[in-house]
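Below is one structure, written out as structure tokens; the observations come after it.
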Amino acid sequence: METKIKQITSAVLTEAKEIIFNSGVVAMPTETVYGLGGNAFDDVAVKKIFEIKGRPNDNPLIAHVHKRYDLAKIIDYEPPYAKKLRETFTPGPLTLVYPSTHKVSPFVSCGLQTLAVRIPSHEGAQAFLEKVNIPIVAPSANLSKHVSPTTSKHVFEDFSGKIPLILEGGECIGGIESTVCDVTGEIPVILRPGLITREMIAAVVGDCKEYIPDLRSKEKVKSPGLLYKHYAPRCQTALYKPEQEKEIFTRMQEAGAKGLKVGVLCESCWVQAVREKGALSYDLGEREEEMANRLYGLLREAEKNCDLLIAIEPKKQDGVMVGVMNRLKKACVSVDIPHDN
Ligand code: TXA
Ligand code: MG
């Protein structure tokens, strides 16, 4: 199958709709990362998404809808505080996990009695969702465990020949995936940190918890995606704290002496020193939104050029950086076993 990247026009939206209503998969832009979209009501389409991505079948999908979509069609109940969050932060990078039973394909939520719903703000995504007027399940459009895509080219790299159409929506501004927030209980619980921070949520509804899975417990983990190695570039990686300067430069030198091509992913303040030591630098920038925006693109660039990527943790780690650090840690763990968040 030939994979085409097309600008979003009315004719292309009609073509995309046709694919979706024939159980096909279309990649779409969002303000966070690109997604691999299919009809949430269609078992065949949902199963196809898992298969194309190589995604474990116990990791549920997010249903995306346009801003005027009637949520009552897909969820059982919306607590008042969840309505407040939805009205404040969406359309935008917040996914809400609602109580939901037998509303969409059973394969979407992998047997959980909940459904994750997201209303993206990206204009192209809205146009596409409006056109199809059904919920579109869309995991990030990367092969399972690989780095998430922030451009149509990234999607093409992972899925060329496997999907018919990628909707061109430019570079994603957000850069890391949406905040996933469970709203089935008394207070909101963040399952995956992102651009909508715990502080922002708490400011609107008074309270917000962060879910830390107890990997030793037999209780079913609330968001199974938390357990997998994710976002990983295809080169060796190592993660250091900024105060480990000595170790960092020793590692660079030793790897260089072995003939390995070394790259360093870091805040701007490190770049000059890294270059002086002869390594490639991947500059995350200075501001937190900048770091979120650049992270995945740099990881994909680094995997092409480096044998070893040394990542240095940014100094600031609160607010939006909770999400950035979460992704950075998952990208840089070297073993494929359950790990801490
Ligand atoms: O920004 C995003 O959210 C992107 C774009 C494409 O919208 N999508 C995305 O999807 O990141 P994915 O499949 O890569 O990540 C979905 C996350 C996973 O961690 C999954 O476990 C969690 O959401 N999730 C989905 N449904 C859930 C549910 N019913 N309960 C708990 N967690 C859920
Ligand atoms: Mg993903």
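Letters A, B, ... mark the chains of the structure tokens in the order given; residue numbers begin at 1 per chain; ligand numbers begin at 1, in order shown.
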Surrounding residues as a ChimeraX atom specification, ligand 1, max 8 Å, only C-alpha atoms and all ligand atoms: /A:28-36,59-62,64,93-95,97-98,108-110,112-118,120,138-141,148,176-180,182,191-192,222-226
Quick one: residues within 7 Å of Ala45 (chain A), only C-alpha atoms counted, chain neighbours fewer than 4 positions away excluded, as a short mmCIF file (atom, residue, chain, number, x, y, z; two decimals) with N, CA and C atoms, in the first residue's frame?
data_model
loop_
_atom_site.label_atom_id
_atom_site.label_comp_id
_atom_site.auth_asym_id
_atom_site.auth_seq_id
_atom_site.Cartn_x
_atom_site.Cartn_y
_atom_site.Cartn_z
N SER A 23 -13.32 0.79 7.71
CA SER A 23 -12.47 0.13 8.71
C SER A 23 -10.98 0.42 8.52
N GLY A 24 -10.67 1.52 7.84
CA GLY A 24 -9.26 1.86 7.61
C GLY A 24 -8.71 2.78 8.68
N VAL A 25 -7.41 3.06 8.55
CA VAL A 25 -6.70 3.86 9.53
C VAL A 25 -6.10 5.10 8.84
N GLY A 38 -8.82 5.64 13.95
CA GLY A 38 -9.78 4.69 13.41
C GLY A 38 -11.13 4.85 14.09
N ASN A 39 -12.17 4.29 13.51
CA ASN A 39 -13.54 4.38 14.01
C ASN A 39 -13.69 3.63 15.35
N ILE A 49 -5.56 -1.03 14.45
CA ILE A 49 -4.64 -0.05 15.05
C ILE A 49 -3.64 -0.73 15.98
#
Rank nothing, just name the residue among A:Arg198, A:Lys330, A:Pro314, A:Leu71 nearest to ligand 2, using only C-alpha atoms and all ligand atoms. A:Lys330
Please report, as an MDAnalysis selection string, each residue of region 133-163 of chain A to which DSSP assigns alpha helix (DSSP H) when run on this structure's backbone. chainID A and resid 152:159
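Remark: for Val65 (chain A), the closest of the candidate residues A:Trp270, A:Phe249, A:Tyr296, A:Phe128 is A:Phe128 (distances computed over only C-alpha atoms).
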Taking only region 60-199 of chain A into account, list the residues labelled strand (DSSP E or B) by DSSP (computed from the backbone), as JSON, numbers by chain. {"A": [62, 63, 64, 94, 95, 96, 97, 98, 99, 114, 115, 116, 117, 118, 136, 137, 140, 146, 165, 166, 167, 168, 179, 180, 181, 182, 189, 190, 191, 192]}
Contacts of Lys241 (chain A) within 9 Å, only C-alpha atoms, excl. fewer than 4 positions in-chain, as a list in words: Glu245, Ile248, Ala311, Ile312, Glu313, Pro314 and Lys315 of chain A
For the residues in that selection, give me N, CA and C atoms as a CSV table (one decimal), in the first residue's frame.
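Output file result-v7.csv is given in full below:
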chain,number,residue,atom,x,y,z
A,245,GLU,N,28.3,16.2,36.5
A,245,GLU,CA,29.1,16.7,35.4
A,245,GLU,C,30.3,15.9,35.1
A,248,ILE,N,29.5,12.6,33.5
A,248,ILE,CA,29.0,12.8,32.2
A,248,ILE,C,30.2,13.0,31.2
A,311,ALA,N,21.6,11.8,28.0
A,311,ALA,CA,20.6,12.9,28.3
A,311,ALA,C,21.0,13.4,29.7
A,312,ILE,N,20.9,14.8,29.7
A,312,ILE,CA,21.2,15.4,31.0
A,312,ILE,C,19.8,16.0,31.5
A,313,GLU,N,19.4,15.6,32.7
A,313,GLU,CA,18.1,16.1,33.2
A,313,GLU,C,18.1,17.6,33.3
A,314,PRO,N,17.1,18.3,32.8
A,314,PRO,CA,17.0,19.7,33.1
A,314,PRO,C,16.8,20.0,34.6
A,315,LYS,N,17.3,21.2,35.0
A,315,LYS,CA,17.2,21.6,36.4
A,315,LYS,C,15.8,21.7,36.9
Between CA of Asn22 (chain A) and CA of Val155 (chain A), what distance in Å does the model show, to one decimal?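 Going from CA of Asn22 (chain A) over to CA of Val155 (chain A) covers 21.3 Å.
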Write out as a PyMOL selection string the residues lying within 12 Å of Glu157 (chain A), counting only C-alpha atoms and excluding same-chain residues fewer than 2 positions away. chain A and resi 3+5+141-143+146-155+159-163+166+300+304
